[in-house]
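Participant: The structure under discussion is supplied below as structure tokens; questions concerning it will follow.
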Amino acid sequence: GLAASGEPPGAGEGRGRKAARRRARQRREAEAAEGPGGCVVLVREDCRLHDNPALHAASTDCAWVLPLYVHDDGDPSPWPVRGAGLWWRHESLQFFDKSLSILGSRIVYRRGSYIDQVVDVILESGARALYFNRQLEPWHIDRDRQLEAAVRESLG
């Protein structure tokens, strides 16, 4: 559960997530003296290396970058991508992943609850920050606000 959704902080968390949060915090504290840590960059509708502000900022600010794509089973859009649109998205992601592999990176793919998956990857990887390009649809703006609150809570 998320505090932003009306539940108290920590509600619904399993011991696994609490332990991952503790390990991530310990890693960040240990790395603090070593300089900038890594970050997660969300891959959404922006499958390109050029003209990608989030990817550019992350590669400038962070020691390592982990691109993450989450297929959201609960997509808040009133018009979720289906059918041929999913095929085109898959093709775009594969092409983008090949571009990233030339630079020594790969996309991490997850499926499920968008916010939970992003927070889990941040905690598992020990990332110190999350970067993403804004989406302007009202339903995505609301989800991004909830995501930002959950990430702030997780990173402490």
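By convention here, the chains of the structure tokens are called A, B, ... in the order presented, each chain's residues are numbered starting at 1, and ligands are numbered starting at 1 in the order presented.
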Just asking: which residues within chain A are strand (DSSP E or B) according to DSSP, as a list in words?

Facilitator: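 Written out, the strand (DSSP E or B) residues of chain A are Gly38, Cys39, Val40, Val41, Leu42, Trp64, Val65, Leu66, Pro67, Leu68, Tyr69, Val70, His71, Asp72, Val108, Tyr109, Arg110, Arg111, Gly112, Ala129, Leu130 and Tyr131 of chain A.
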
Participant: So the first atom is atom CA of A:Arg89 and the second is atom CA of A:Arg48; what is the distance between them in Å, to one decimal place?

Facilitator: 12.5 Å

Participant: How far is it from atom CA of A:Ile122 to atom CA of A:Gly85, in Å with one decimal?

Facilitator: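 Result for atom CA of A:Ile122 versus atom CA of A:Gly85: 28.1 Å, one decimal.
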
Participant: Here is a test: counting only C-alpha atoms, which residue of A:Phe96, A:Tyr109, A:Trp88, A:Phe132 is nearest to A:Tyr69?

Facilitator: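 When distances to A:Tyr69 are compared using only C-alpha atoms, the smallest one comes from A:Tyr109.
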
Participant: Using only C-alpha atoms, can you tell me which of A:Ala54, A:Val108, A:Leu93, A:Ala24 comes closest to A:Leu66?

Facilitator: A:Val108

Participant: Could you check which of A:Ser92, A:Gln135, A:Asn52, A:Ser125 is closest to A:Arg25, using only C-alpha atoms?

Facilitator: A:Ser125

Participant: Can you tell me how far atom CA of A:Gly83 sits from atom CA of A:Lys98, in Å to one decimal?

Facilitator: 23.4 Å
